[in-house]
$ cat my_file_0.pdb   # PDB, C-alpha atoms
ATOM      1  CA  MET A   1      25.042  39.793  86.213
ATOM      2  CA  ARG A   2      23.297  41.146  89.283
ATOM      3  CA  ALA A   3      24.640  43.728  91.707
ATOM      4  CA  ARG A   4      23.466  45.877  94.600
ATOM      5  CA  LYS A   5      22.852  49.588  94.733
ATOM      6  CA  ILE A   6      21.259  52.186  97.002
ATOM      7  CA  GLN A   7      18.052  53.702  95.752
ATOM      8  CA  LEU A   8      15.253  55.951  96.934
ATOM      9  CA  SER A   9      11.653  55.883  95.805
ATOM     10  CA  GLY A  10      10.820  59.274  97.292
ATOM     11  CA  PHE A  11      12.544  62.246  98.884
ATOM     12  CA  GLY A  12      13.119  62.380 102.618
ATOM     13  CA  GLY A  13      15.486  61.601 105.476
ATOM     14  CA  PRO A  14      18.342  59.081 105.475
ATOM     15  CA  GLU A  15      15.837  56.271 105.984
ATOM     16  CA  VAL A  16      14.720  56.537 102.327
ATOM     17  CA  LEU A  17      18.105  55.105 101.259
ATOM     18  CA  GLN A  18      17.418  51.419 100.690
ATOM     19  CA  VAL A  19      19.475  48.544  99.265
ATOM     20  CA  ALA A  20      18.153  47.088  95.997
ATOM     21  CA  GLU A  21      19.388  44.473  93.562
ATOM     22  CA  PHE A  22      19.520  45.223  89.855
ATOM     23  CA  GLU A  23      20.502  43.565  86.629
ATOM     24  CA  VAL A  24      23.642  45.204  85.270
ATOM     25  CA  PRO A  25      22.866  46.396  81.718
ATOM     26  CA  ALA A  26      24.568  44.735  78.779
ATOM     27  CA  LEU A  27      27.593  46.613  77.472
ATOM     28  CA  GLY A  28      27.315  48.632  74.302
ATOM     29  CA  PRO A  29      30.341  48.783  72.002
ATOM     30  CA  ARG A  30      31.718  51.950  73.691
ATOM     31  CA  ASP A  31      30.701  51.058  77.260
ATOM     32  CA  VAL A  32      32.858  50.010  80.208
ATOM     33  CA  LEU A  33      31.786  47.999  83.245
ATOM     34  CA  VAL A  34      33.370  49.449  86.380
ATOM     35  CA  ARG A  35      33.490  47.509  89.647
ATOM     36  CA  SER A  36      33.308  49.963  92.553
ATOM     37  CA  HIS A  37      36.070  50.124  95.147
ATOM     38  CA  ALA A  38      35.071  53.253  97.096
ATOM     39  CA  ILE A  39      32.225  55.750  96.701
ATOM     40  CA  GLY A  40      32.351  59.352  97.874
ATOM     41  CA  VAL A  41      29.535  60.618 100.090
ATOM     42  CA  GLY A  42      28.903  64.351  99.951
ATOM     43  CA  TRP A  43      26.371  67.134 100.201
ATOM     44  CA  PRO A  44      25.224  66.833  96.575
ATOM     45  CA  ASP A  45      24.003  63.335  97.515
ATOM     46  CA  VAL A  46      22.043  64.786 100.438
ATOM     47  CA  TYR A  47      20.469  67.371  98.147
ATOM     48  CA  VAL A  48      19.433  64.606  95.747
ATOM     49  CA  ARG A  49      17.992  62.578  98.619
ATOM     50  CA  THR A  50      16.004  65.521  99.986
ATOM     51  CA  GLY A  51      14.833  66.890  96.633
ATOM     52  CA  THR A  52      16.611  70.204  97.209
ATOM     53  CA  TYR A  53      17.779  70.802  93.650
ATOM     54  CA  PRO A  54      15.253  72.840  91.648
ATOM     55  CA  TRP A  55      15.347  70.344  88.768
ATOM     56  CA  GLN A  56      14.514  67.370  90.964
ATOM     57  CA  HIS A  57      10.878  67.216  89.925
ATOM     58  CA  LEU A  58      12.338  65.806  86.692
ATOM     59  CA  PHE A  59      14.361  63.175  88.571
ATOM     60  CA  PRO A  60      13.097  59.687  87.627
ATOM     61  CA  MET A  61      12.202  57.400  90.520
ATOM     62  CA  PRO A  62      13.480  55.126  91.878
ATOM     63  CA  ALA A  63      16.798  56.972  91.854
ATOM     64  CA  THR A  64      20.349  56.198  92.989
ATOM     65  CA  PRO A  65      22.495  58.978  94.561
ATOM     66  CA  GLY A  66      26.243  59.367  94.258
ATOM     67  CA  ILE A  67      28.325  61.778  92.194
ATOM     68  CA  GLU A  68      31.714  60.026  92.332
ATOM     69  CA  MET A  69      33.265  56.605  92.587
ATOM     70  CA  ALA A  70      36.680  55.018  92.115
ATOM     71  CA  GLY A  71      37.032  51.450  90.937
ATOM     72  CA  ARG A  72      38.525  49.144  88.329
ATOM     73  CA  VAL A  73      37.563  48.113  84.832
ATOM     74  CA  ALA A  74      35.729  44.774  84.954
ATOM     75  CA  ALA A  75      34.836  44.496  81.254
ATOM     76  CA  ALA A  76      34.771  46.655  78.149
ATOM     77  CA  GLY A  77      32.711  46.882  74.966
ATOM     78  CA  ALA A  78      33.967  45.657  71.610
ATOM     79  CA  GLU A  79      35.142  49.119  70.494
ATOM     80  CA  VAL A  80      37.088  49.918  73.690
ATOM     81  CA  ALA A  81      40.640  48.809  73.014
ATOM     82  CA  ASP A  82      42.592  51.187  75.276
ATOM     83  CA  LEU A  83      41.426  49.997  78.707
ATOM     84  CA  GLN A  84      42.545  46.711  80.195
ATOM     85  CA  VAL A  85      40.598  44.791  82.822
ATOM     86  CA  GLY A  86      41.843  45.913  86.232
ATOM     87  CA  ARG A  87      42.717  49.467  85.152
ATOM     88  CA  PRO A  88      41.925  51.975  87.935
ATOM     89  CA  VAL A  89      39.329  54.553  86.879
ATOM     90  CA  TYR A  90      37.268  57.384  88.314
ATOM     91  CA  VAL A  91      33.574  57.897  87.603
ATOM     92  CA  SER A  92      32.013  61.364  87.838
ATOM     93  CA  SER A  93      28.281  61.596  87.310
ATOM     94  CA  ARG A  94      28.817  65.274  86.465
ATOM     95  CA  LEU A  95      30.620  64.168  83.318
ATOM     96  CA  MET A  96      27.606  62.004  82.483
ATOM     97  CA  GLY A  97      25.258  64.957  82.729
ATOM     98  CA  PHE A  98      23.446  64.152  85.988
ATOM     99  CA  ARG A  99      24.037  63.947  89.736
ATOM    100  CA  GLY A 100      23.586  60.377  90.793
ATOM    101  CA  GLY A 101      24.141  56.729  90.095
ATOM    102  CA  CYS A 102      27.409  56.024  91.920
ATOM    103  CA  TYR A 103      26.014  54.353  95.062
ATOM    104  CA  ALA A 104      26.353  50.940  93.412
ATOM    105  CA  GLU A 105      28.608  47.904  93.361
ATOM    106  CA  ALA A 106      29.035  48.216  89.604
ATOM    107  CA  MET A 107      28.246  50.749  86.888
ATOM    108  CA  VAL A 108      28.145  50.747  83.118
ATOM    109  CA  VAL A 109      29.865  53.958  82.007
ATOM    110  CA  PRO A 110      30.441  55.355  78.500
ATOM    111  CA  ARG A 111      34.152  55.199  77.692
ATOM    112  CA  ASP A 112      34.207  58.853  76.667
ATOM    113  CA  VAL A 113      33.308  60.085  80.154
ATOM    114  CA  LEU A 114      35.464  57.657  82.122
ATOM    115  CA  VAL A 115      38.572  59.156  83.754
ATOM    116  CA  GLU A 116      41.700  56.993  83.763
ATOM    117  CA  LEU A 117      43.778  57.046  86.948
ATOM    118  CA  PRO A 118      47.518  56.526  87.448
ATOM    119  CA  GLY A 119      48.327  52.893  88.112
ATOM    120  CA  ASN A 120      49.793  53.624  91.564
ATOM    121  CA  VAL A 121      46.883  55.715  92.838
ATOM    122  CA  ASP A 122      45.165  54.883  96.123
ATOM    123  CA  LEU A 123      41.545  54.271  95.105
ATOM    124  CA  ASP A 124      40.343  55.292  98.567
ATOM    125  CA  VAL A 125      41.865  58.712  97.892
ATOM    126  CA  ALA A 126      40.667  58.895  94.287
ATOM    127  CA  ALA A 127      37.058  58.354  95.368
ATOM    128  CA  GLY A 128      37.168  61.791  97.000
ATOM    129  CA  LEU A 129      38.521  63.721  94.026
ATOM    130  CA  ALA A 130      35.385  65.866  93.604
ATOM    131  CA  TYR A 131      36.134  68.034  96.630
ATOM    132  CA  TYR A 132      39.722  68.620  95.514
ATOM    133  CA  GLN A 133      38.431  69.409  92.027
ATOM    134  CA  LEU A 134      36.153  71.995  93.653
ATOM    135  CA  ALA A 135      39.054  73.380  95.699
ATOM    136  CA  VAL A 136      41.263  73.832  92.628
ATOM    137  CA  ALA A 137      38.413  75.446  90.685
ATOM    138  CA  LEU A 138      37.524  77.775  93.539
ATOM    139  CA  LEU A 139      41.111  78.898  94.123
ATOM    140  CA  ARG A 140      41.664  79.497  90.425
ATOM    141  CA  ALA A 141      38.458  81.518  90.240
ATOM    142  CA  ALA A 142      39.642  83.521  93.244
ATOM    143  CA  GLY A 143      42.694  84.644  91.298
ATOM    144  CA  ALA A 144      45.162  82.378  93.049
ATOM    145  CA  ALA A 145      47.819  83.424  90.529
ATOM    146  CA  ARG A 146      48.171  86.614  92.607
ATOM    147  CA  PRO A 147      50.873  86.583  95.288
ATOM    148  CA  ALA A 148      49.355  84.361  97.955
ATOM    149  CA  GLY A 149      48.781  85.746 101.440
ATOM    150  CA  TRP A 150      46.419  84.609 104.179
ATOM    151  CA  ALA A 151      43.445  82.411 103.279
ATOM    152  CA  MET A 152      40.596  81.754 105.708
ATOM    153  CA  VAL A 153      38.772  78.447 105.352
ATOM    154  CA  SER A 154      35.523  78.264 107.278
ATOM    155  CA  GLY A 155      34.203  74.852 108.311
ATOM    156  CA  ALA A 156      37.720  73.505 107.907
ATOM    157  CA  SER A 157      37.124  70.092 109.453
ATOM    158  CA  GLY A 158      34.604  68.768 106.917
ATOM    159  CA  GLY A 159      35.304  67.197 103.558
ATOM    160  CA  VAL A 160      35.289  70.388 101.481
ATOM    161  CA  GLY A 161      37.017  72.379 104.214
ATOM    162  CA  THR A 162      39.798  69.808 104.461
ATOM    163  CA  ALA A 163      40.293  69.888 100.684
ATOM    164  CA  LEU A 164      40.385  73.690 100.697
ATOM    165  CA  VAL A 165      42.952  73.861 103.508
ATOM    166  CA  GLN A 166      45.265  71.441 101.719
ATOM    167  CA  THR A 167      44.795  72.937  98.257
ATOM    168  CA  ALA A 168      45.259  76.505  99.479
ATOM    169  CA  LYS A 169      48.525  75.420 101.088
ATOM    170  CA  ALA A 170      49.584  73.813  97.812
ATOM    171  CA  PHE A 171      48.804  77.129  96.075
ATOM    172  CA  GLY A 172      51.120  78.961  98.455
ATOM    173  CA  TYR A 173      48.709  80.466 100.982
ATOM    174  CA  ARG A 174      49.138  80.600 104.722
ATOM    175  CA  VAL A 175      45.886  79.108 105.956
ATOM    176  CA  LEU A 176      43.769  80.228 108.868
ATOM    177  CA  ALA A 177      41.121  77.591 109.599
ATOM    178  CA  SER A 178      37.816  78.176 111.351
ATOM    179  CA  VAL A 179      36.085  75.353 113.229
ATOM    180  CA  GLY A 180      33.040  75.187 115.466
ATOM    181  CA  HIS A 181      34.381  72.929 118.221
ATOM    182  CA  ASP A 182      37.734  72.757 119.989
ATOM    183  CA  ASP A 183      37.971  69.009 119.361
ATOM    184  CA  LYS A 184      38.238  69.781 115.627
ATOM    185  CA  ARG A 185      41.313  71.987 115.974
ATOM    186  CA  ALA A 186      43.687  69.026 115.814
ATOM    187  CA  HIS A 187      42.225  67.846 112.501
ATOM    188  CA  ALA A 188      42.583  71.273 110.880
ATOM    189  CA  THR A 189      46.185  71.516 112.085
ATOM    190  CA  ALA A 190      46.990  67.981 110.936
ATOM    191  CA  VAL A 191      45.856  68.681 107.360
ATOM    192  CA  GLY A 192      48.025  71.791 107.134
ATOM    193  CA  ALA A 193      46.348  74.850 108.671
ATOM    194  CA  ASP A 194      48.853  77.380 110.017
ATOM    195  CA  ALA A 195      46.419  78.648 112.647
ATOM    196  CA  VAL A 196      42.963  77.618 113.866
ATOM    197  CA  ILE A 197      40.195  79.594 115.550
ATOM    198  CA  ASN A 198      36.923  78.456 117.087
ATOM    199  CA  TYR A 199      34.297  80.784 115.652
ATOM    200  CA  ARG A 200      31.889  79.959 118.498
ATOM    201  CA  THR A 201      34.201  80.933 121.364
ATOM    202  CA  ASP A 202      37.051  83.059 120.019
ATOM    203  CA  ALA A 203      36.720  86.776 119.378
ATOM    204  CA  ALA A 204      37.193  86.239 115.653
ATOM    205  CA  ALA A 205      38.213  89.737 114.538
ATOM    206  CA  ALA A 206      40.772  90.130 117.323
ATOM    207  CA  ALA A 207      42.110  86.610 116.823
ATOM    208  CA  ILE A 208      42.520  87.117 113.061
ATOM    209  CA  ALA A 209      44.254  90.465 113.572
ATOM    210  CA  GLY A 210      46.680  88.848 116.001
ATOM    211  CA  ILE A 211      47.412  85.860 113.792
ATOM    212  CA  THR A 212      47.955  87.912 110.620
ATOM    213  CA  GLY A 213      49.913  90.674 112.337
ATOM    214  CA  GLY A 214      47.131  93.153 111.591
ATOM    215  CA  HIS A 215      47.267  92.451 107.847
ATOM    216  CA  GLY A 216      43.935  90.629 107.624
ATOM    217  CA  VAL A 217      42.656  87.916 105.326
ATOM    218  CA  ASP A 218      43.469  88.068 101.609
ATOM    219  CA  LEU A 219      41.072  85.297 100.571
ATOM    220  CA  TRP A 220      38.060  84.223 102.631
ATOM    221  CA  LEU A 221      36.455  80.919 101.558
ATOM    222  CA  GLU A 222      32.969  80.652 103.034
ATOM    223  CA  SER A 223      30.121  78.146 102.908
ATOM    224  CA  PHE A 224      28.014  79.076 105.971
ATOM    225  CA  VAL A 225      27.304  82.838 105.636
ATOM    226  CA  GLY A 226      24.313  83.531 107.963
ATOM    227  CA  PRO A 227      22.940  86.835 109.285
ATOM    228  CA  ASP A 228      26.179  88.037 110.930
ATOM    229  CA  PHE A 229      28.387  87.524 107.928
ATOM    230  CA  GLY A 230      28.834  91.267 107.352
ATOM    231  CA  GLN A 231      31.427  91.184 110.140
ATOM    232  CA  VAL A 232      33.822  89.501 107.717
ATOM    233  CA  PHE A 233      34.834  92.900 106.319
ATOM    234  CA  ARG A 234      36.447  93.829 109.630
ATOM    235  CA  SER A 235      39.018  91.099 109.070
ATOM    236  CA  MET A 236      39.789  91.520 105.380
ATOM    237  CA  ALA A 237      43.076  92.787 103.984
ATOM    238  CA  PRO A 238      43.199  95.545 101.348
ATOM    239  CA  TRP A 239      42.223  94.123  97.936
ATOM    240  CA  GLY A 240      40.982  90.997  99.680
ATOM    241  CA  LYS A 241      38.369  88.736  98.173
ATOM    242  CA  VAL A 242      35.440  86.901  99.797
ATOM    243  CA  MET A 243      34.471  83.719  97.937
ATOM    244  CA  LEU A 244      31.079  82.229  98.797
ATOM    245  CA  TYR A 245      30.462  78.673  97.629
ATOM    246  CA  ASN A 246      27.358  77.949  99.686
ATOM    247  CA  ALA A 247      25.138  79.603 102.282
ATOM    248  CA  VAL A 248      23.964  76.761 104.509
ATOM    249  CA  GLY A 249      23.508  79.206 107.392
ATOM    250  CA  GLY A 250      21.122  81.372 105.413
ATOM    251  CA  HIS A 251      21.374  84.806 103.849
ATOM    252  CA  PRO A 252      23.353  87.687 105.373
ATOM    253  CA  ALA A 253      21.391  90.418 107.108
ATOM    254  CA  PRO A 254      20.021  93.310 105.013
ATOM    255  CA  ALA A 255      22.818  95.464 106.472
ATOM    256  CA  PHE A 256      25.428  93.340 104.642
ATOM    257  CA  PHE A 257      25.816  95.943 101.894
ATOM    258  CA  ASP A 258      26.219  98.684 104.508
ATOM    259  CA  ASP A 259      28.959  96.666 106.229
ATOM    260  CA  TRP A 260      30.649  96.183 102.858
ATOM    261  CA  ARG A 261      30.408  99.873 102.028
ATOM    262  CA  ALA A 262      31.804 100.814 105.436
ATOM    263  CA  ALA A 263      34.965  98.950 104.458
ATOM    264  CA  MET A 264      35.183 100.613 101.030
ATOM    265  CA  GLY A 265      38.718 101.783 101.741
ATOM    266  CA  LYS A 266      39.902  98.175 101.553
ATOM    267  CA  CYS A 267      38.384  97.571  98.084
ATOM    268  CA  VAL A 268      37.182  94.107  99.110
ATOM    269  CA  SER A 269      35.401  92.072  96.428
ATOM    270  CA  VAL A 270      32.710  89.438  96.962
ATOM    271  CA  GLN A 271      32.148  86.608  94.500
ATOM    272  CA  TYR A 272      29.862  83.580  94.469
ATOM    273  CA  PHE A 273      31.282  80.367  93.050
ATOM    274  CA  SER A 274      29.548  77.170  91.938
ATOM    275  CA  MET A 275      30.739  74.119  90.007
ATOM    276  CA  HIS A 276      27.531  74.460  87.987
ATOM    277  CA  VAL A 277      29.402  76.970  85.821
ATOM    278  CA  TYR A 278      31.240  74.005  84.247
ATOM    279  CA  GLU A 279      28.149  71.949  83.399
ATOM    280  CA  ASP A 280      28.473  72.728  79.682
ATOM    281  CA  ASP A 281      32.250  72.383  79.653
ATOM    282  CA  PRO A 282      33.214  68.754  80.358
ATOM    283  CA  GLN A 283      36.785  69.320  79.191
ATOM    284  CA  ALA A 284      37.250  72.008  81.824
ATOM    285  CA  MET A 285      35.913  69.601  84.458
ATOM    286  CA  ARG A 286      38.386  66.958  83.278
ATOM    287  CA  ASP A 287      41.233  69.474  83.428
ATOM    288  CA  LEU A 288      40.313  70.370  87.005
ATOM    289  CA  LEU A 289      40.211  66.688  87.967
ATOM    290  CA  SER A 290      43.619  66.200  86.388
ATOM    291  CA  ALA A 291      45.034  69.202  88.242
ATOM    292  CA  ALA A 292      43.688  67.889  91.552
ATOM    293  CA  MET A 293      45.071  64.410  90.883
ATOM    294  CA  ARG A 294      48.494  65.817  89.997
ATOM    295  CA  LEU A 295      48.673  67.633  93.324
ATOM    296  CA  ILE A 296      47.939  64.342  95.098
ATOM    297  CA  VAL A 297      50.230  62.125  92.995
ATOM    298  CA  ASP A 298      53.090  64.644  93.293
ATOM    299  CA  GLY A 299      52.697  64.702  97.078
ATOM    300  CA  ALA A 300      51.696  68.369  97.331
ATOM    301  CA  ILE A 301      48.461  67.178  98.953
ATOM    302  CA  LYS A 302      48.052  64.139 101.186
ATOM    303  CA  PRO A 303      44.337  63.608 101.859
ATOM    304  CA  PRO A 304      43.656  62.233 105.336
ATOM    305  CA  ALA A 305      42.090  58.823 105.790
ATOM    306  CA  GLY A 306      38.332  58.898 105.401
ATOM    307  CA  THR A 307      35.489  57.340 107.369
ATOM    308  CA  PHE A 308      34.078  54.244 105.653
ATOM    309  CA  PHE A 309      30.646  52.648 105.814
ATOM    310  CA  LYS A 310      29.362  49.543 104.097
ATOM    311  CA  LEU A 311      27.165  50.220 101.076
ATOM    312  CA  GLU A 312      24.104  49.002 102.950
ATOM    313  CA  ASP A 313      24.840  51.541 105.714
ATOM    314  CA  ALA A 314      24.454  54.560 103.418
ATOM    315  CA  ALA A 315      21.793  56.001 105.736
ATOM    316  CA  GLN A 316      24.294  56.029 108.625
ATOM    317  CA  ALA A 317      26.829  57.755 106.394
ATOM    318  CA  HIS A 318      24.300  60.495 105.604
ATOM    319  CA  ARG A 319      23.437  60.905 109.283
ATOM    320  CA  LEU A 320      27.106  61.429 110.122
ATOM    321  CA  LEU A 321      27.514  63.955 107.297
ATOM    322  CA  GLU A 322      24.466  65.939 108.369
ATOM    323  CA  SER A 323      25.513  65.867 112.033
ATOM    324  CA  GLY A 324      28.484  68.081 111.274
ATOM    325  CA  THR A 325      30.721  65.996 113.549
ATOM    326  CA  ASN A 326      32.703  64.245 110.820
ATOM    327  CA  ARG A 327      36.305  65.074 110.025
ATOM    328  CA  GLY A 328      37.325  64.799 106.395
ATOM    329  CA  ARG A 329      35.513  62.690 103.811
ATOM    330  CA  ILE A 330      32.953  59.932 104.194
ATOM    331  CA  PHE A 331      32.915  56.943 101.859
ATOM    332  CA  LEU A 332      30.913  53.810 101.108
ATOM    333  CA  ARG A 333      32.641  50.480 100.596
ATOM    334  CA  PRO A 334      30.693  48.094  98.308
TER
END

$ encode --input "my_file_0.pdb" --output "structure tokens"
Amino acid sequence: MRARKIQLSGFGGPEVLQVAEFEVPALGPRDVLVRSHAIGVGWPDVYVRTGTYPWQHLFPMPATPGIEMAGRVAAAGAEVADLQVGRPVYVSSRLMGFRGGCYAEAMVVPRDVLVELPGNVDLDVAAGLAYYQLAVALLRAAGAARPAGWAMVSGASGGVGTALVQTAKAFGYRVLASVGHDDKRAHATAVGADAVINYRTDAAAAAIAGITGGHGVDLWLESFVGPDFGQVFRSMAPWGKVMLYNAVGGHPAPAFFDDWRAAMGKCVSVQYFSMHVYEDDPQAMRDLLSAAMRLIVDGAIKPPAGTFFKLEDAAQAHRLLESGTNRGRIFLRP
């Protein structure tokens, strides 16, 4: 059986993503052949494409990006008796020990790392589970068992931001969303934000004080950071927590610690979070996926419709992601 996939022979821009045909490997006794329905496109795929990860010098070429995919069982090995053809399943390359492989029409996946999905699940939604898994993990790490107050989600119109807004709401927070353009306000409101500010044009500290009645932000979820990030302490509530899960805008200025110390009376904590902490704990990753799926199946979270590209248009999907103009998730359709 032959199928198509996206592969790169070297690191670079979106143009390195090329369609290739391959022979689907024969199934081992504990293997499952999964036919793709929808494939999530996210920043980990960009980092693979650009060679950003420090371990990428070990990455064999040609390589196929893609950390997640939802599809259906097409065939199973002789020792797999619990999965019927047609069963909806989710594939996470993290559970397979690497970050790639899902940009393909079909995949051979070990049964032990395959995640079964409820029979009534929307596979277009399931293909974006990774960001909701991240949101659940991040909120748990932030101590979301505390009485929830105000949560700030920066970059709230993108895929991760959307997941964080919805998951924070499901955890009981009132959500203040930050976007960079006024035309993204409607998206943030539609996915559940209680209030939205434009960090480029609004006087952030004054706006946050007004929205929260002077209380401030209890949990700040941040992926941009940048040199002016020390100003965040002006808007934090007592015992608030700042959770950093990326720093795409660069490091804070050297005065960041001084800004933090100037707000010592609030006892604000700062923590960095990464899903890499679960790399040696696949059961924990499965539990987080299950928790995210339960929120969706139970109706606590209703992910918005994504933007879909054909598999062969993966380069266009990456260009949209990197442009910062997308709202919600981006997917490939084989």

$ atom_distance --input "my_file_0.pdb" --atom1 "CA of Pro110 in chain A" --atom2 "CA of Met96 in chain A"
8.3 Å

$ resolve_selection --input "my_file_0.pdb" --expression "the PyMOL selection byres ((chain A and resi 125) around 9)" --output "JSON, numbers by chain"
{"A": [38, 70, 121, 122, 123, 124, 126, 127, 128, 129, 296, 302, 303, 304, 305, 306]}

$ resolve_selection --input "my_file_0.pdb" --expression "the PyMOL selection byres ((chain A and resi 36) around 8)" --output "number ranges by chain"
A: 34-35, 37-39, 69-72, 104-107, 334

$ resolve_selection --input "my_file_0.pdb" --expression "the PyMOL selection byres ((chain A and resi 230) around 7)" --output "PyMOL selection string"
chain A and resi 228-229+231-233+252+256+259-260

$ closest_residue --input "my_file_0.pdb" --among "A:Glu68, A:Leu311, A:Ser157, A:Asp82" --to "Ala3 in chain A" --atoms "all atoms listed in the file"
A:Leu311

$ residues_around --input "my_file_0.pdb" --residues "range 203-213 of chain A" --least-positions-apart "3" --cutoff "10 Å" --atoms "only C-alpha atoms" --output "VMD selection string"
chain A and resid 149 to 150 152 174 176 178 194 to 200 216 to 217 231 to 237

$ residues_around --input "my_file_0.pdb" --residues "range 60-64 of chain A" --least-positions-apart "5" --cutoff "12 Å" --atoms "only C-alpha atoms" --output "VMD selection string"
chain A and resid 4 to 11 16 to 22 45 to 46 48 to 51 55 93 98 to 105 107 314

$ closest_residue --input "my_file_0.pdb" --among "A:Trp239, A:Tyr131, A:Trp43, A:Tyr90" --to "Val113 in chain A" --atoms "all atoms listed in the file"
A:Tyr90

$ residues_near_point --input "my_file_0.pdb" --point "(40.5, 46.5, 79.4)" --cutoff "12 Å" --atoms "all atoms listed in the file" --output "PDB file with C-alpha atoms, in the coordinates of the input"
ATOM      1  CA  ARG A  30      31.718  51.950  73.691  1.00  0.00           C
ATOM      2  CA  ASP A  31      30.701  51.058  77.260  1.00  0.00           C
ATOM      3  CA  VAL A  32      32.858  50.010  80.208  1.00  0.00           C
ATOM      4  CA  LEU A  33      31.786  47.999  83.245  1.00  0.00           C
ATOM      5  CA  VAL A  34      33.370  49.449  86.380  1.00  0.00           C
ATOM      6  CA  ARG A  72      38.525  49.144  88.329  1.00  0.00           C
ATOM      7  CA  VAL A  73      37.563  48.113  84.832  1.00  0.00           C
ATOM      8  CA  ALA A  74      35.729  44.774  84.954  1.00  0.00           C
ATOM      9  CA  ALA A  75      34.836  44.496  81.254  1.00  0.00           C
ATOM     10  CA  ALA A  76      34.771  46.655  78.149  1.00  0.00           C
ATOM     11  CA  GLY A  77      32.711  46.882  74.966  1.00  0.00           C
ATOM     12  CA  ALA A  78      33.967  45.657  71.610  1.00  0.00           C
ATOM     13  CA  GLU A  79      35.142  49.119  70.494  1.00  0.00           C
ATOM     14  CA  VAL A  80      37.088  49.918  73.690  1.00  0.00           C
ATOM     15  CA  ALA A  81      40.640  48.809  73.014  1.00  0.00           C
ATOM     16  CA  ASP A  82      42.592  51.187  75.276  1.00  0.00           C
ATOM     17  CA  LEU A  83      41.426  49.997  78.707  1.00  0.00           C
ATOM     18  CA  GLN A  84      42.545  46.711  80.195  1.00  0.00           C
ATOM     19  CA  VAL A  85      40.598  44.791  82.822  1.00  0.00           C
ATOM     20  CA  GLY A  86      41.843  45.913  86.232  1.00  0.00           C
ATOM     21  CA  ARG A  87      42.717  49.467  85.152  1.00  0.00           C
ATOM     22  CA  PRO A  88      41.925  51.975  87.935  1.00  0.00           C
ATOM     23  CA  VAL A  89      39.329  54.553  86.879  1.00  0.00           C
ATOM     24  CA  ARG A 111      34.152  55.199  77.692  1.00  0.00           C
ATOM     25  CA  GLU A 116      41.700  56.993  83.763  1.00  0.00           C
TER      26      GLU A 116
END

$ residues_around --input "my_file_0.pdb" --residues "Ser223 in chain A" --least-positions-apart "5" --cutoff "6 Å" --atoms "all atoms listed in the file" --output "ChimeraX atom specification"
/A:244-247

$ decode --input "my_file_0.pdb" --residues "range 103-115 of chain A" --atoms "N, CA and C atoms" --output "compact mmCIF listing (two decimals), in the first residue's frame"
# COMPACT_ATOMS: atom_id res chain seq x y z
N TYR A 103 2.18 14.18 9.60
CA TYR A 103 1.75 14.78 8.34
C TYR A 103 1.71 13.70 7.26
N ALA A 104 0.78 12.79 7.36
CA ALA A 104 0.72 11.66 6.44
C ALA A 104 -0.71 11.16 6.30
N GLU A 105 -1.00 10.55 5.16
CA GLU A 105 -2.33 9.99 4.93
C GLU A 105 -2.60 8.77 5.79
N ALA A 106 -1.56 8.06 6.15
CA ALA A 106 -1.69 6.86 6.97
C ALA A 106 -0.43 6.68 7.80
N MET A 107 -0.60 6.05 8.97
CA MET A 107 0.53 5.78 9.85
C MET A 107 0.39 4.40 10.46
N VAL A 108 1.51 3.75 10.66
CA VAL A 108 1.55 2.51 11.42
C VAL A 108 1.98 2.89 12.84
N VAL A 109 1.12 2.58 13.81
CA VAL A 109 1.31 3.02 15.19
C VAL A 109 1.27 1.82 16.12
N PRO A 110 2.20 1.71 17.06
CA PRO A 110 2.11 0.63 18.05
C PRO A 110 0.82 0.73 18.85
N ARG A 111 0.15 -0.38 19.06
CA ARG A 111 -1.12 -0.36 19.79
C ARG A 111 -0.98 0.28 21.15
N ASP A 112 0.13 0.07 21.82
CA ASP A 112 0.29 0.54 23.20
C ASP A 112 0.32 2.05 23.33
N VAL A 113 0.60 2.77 22.25
CA VAL A 113 0.65 4.22 22.33
C VAL A 113 -0.54 4.88 21.64
N LEU A 114 -1.42 4.10 21.08
CA LEU A 114 -2.60 4.62 20.40
C LEU A 114 -3.65 5.00 21.44
N VAL A 115 -4.32 6.12 21.24
CA VAL A 115 -5.33 6.60 22.18
C VAL A 115 -6.71 6.40 21.56
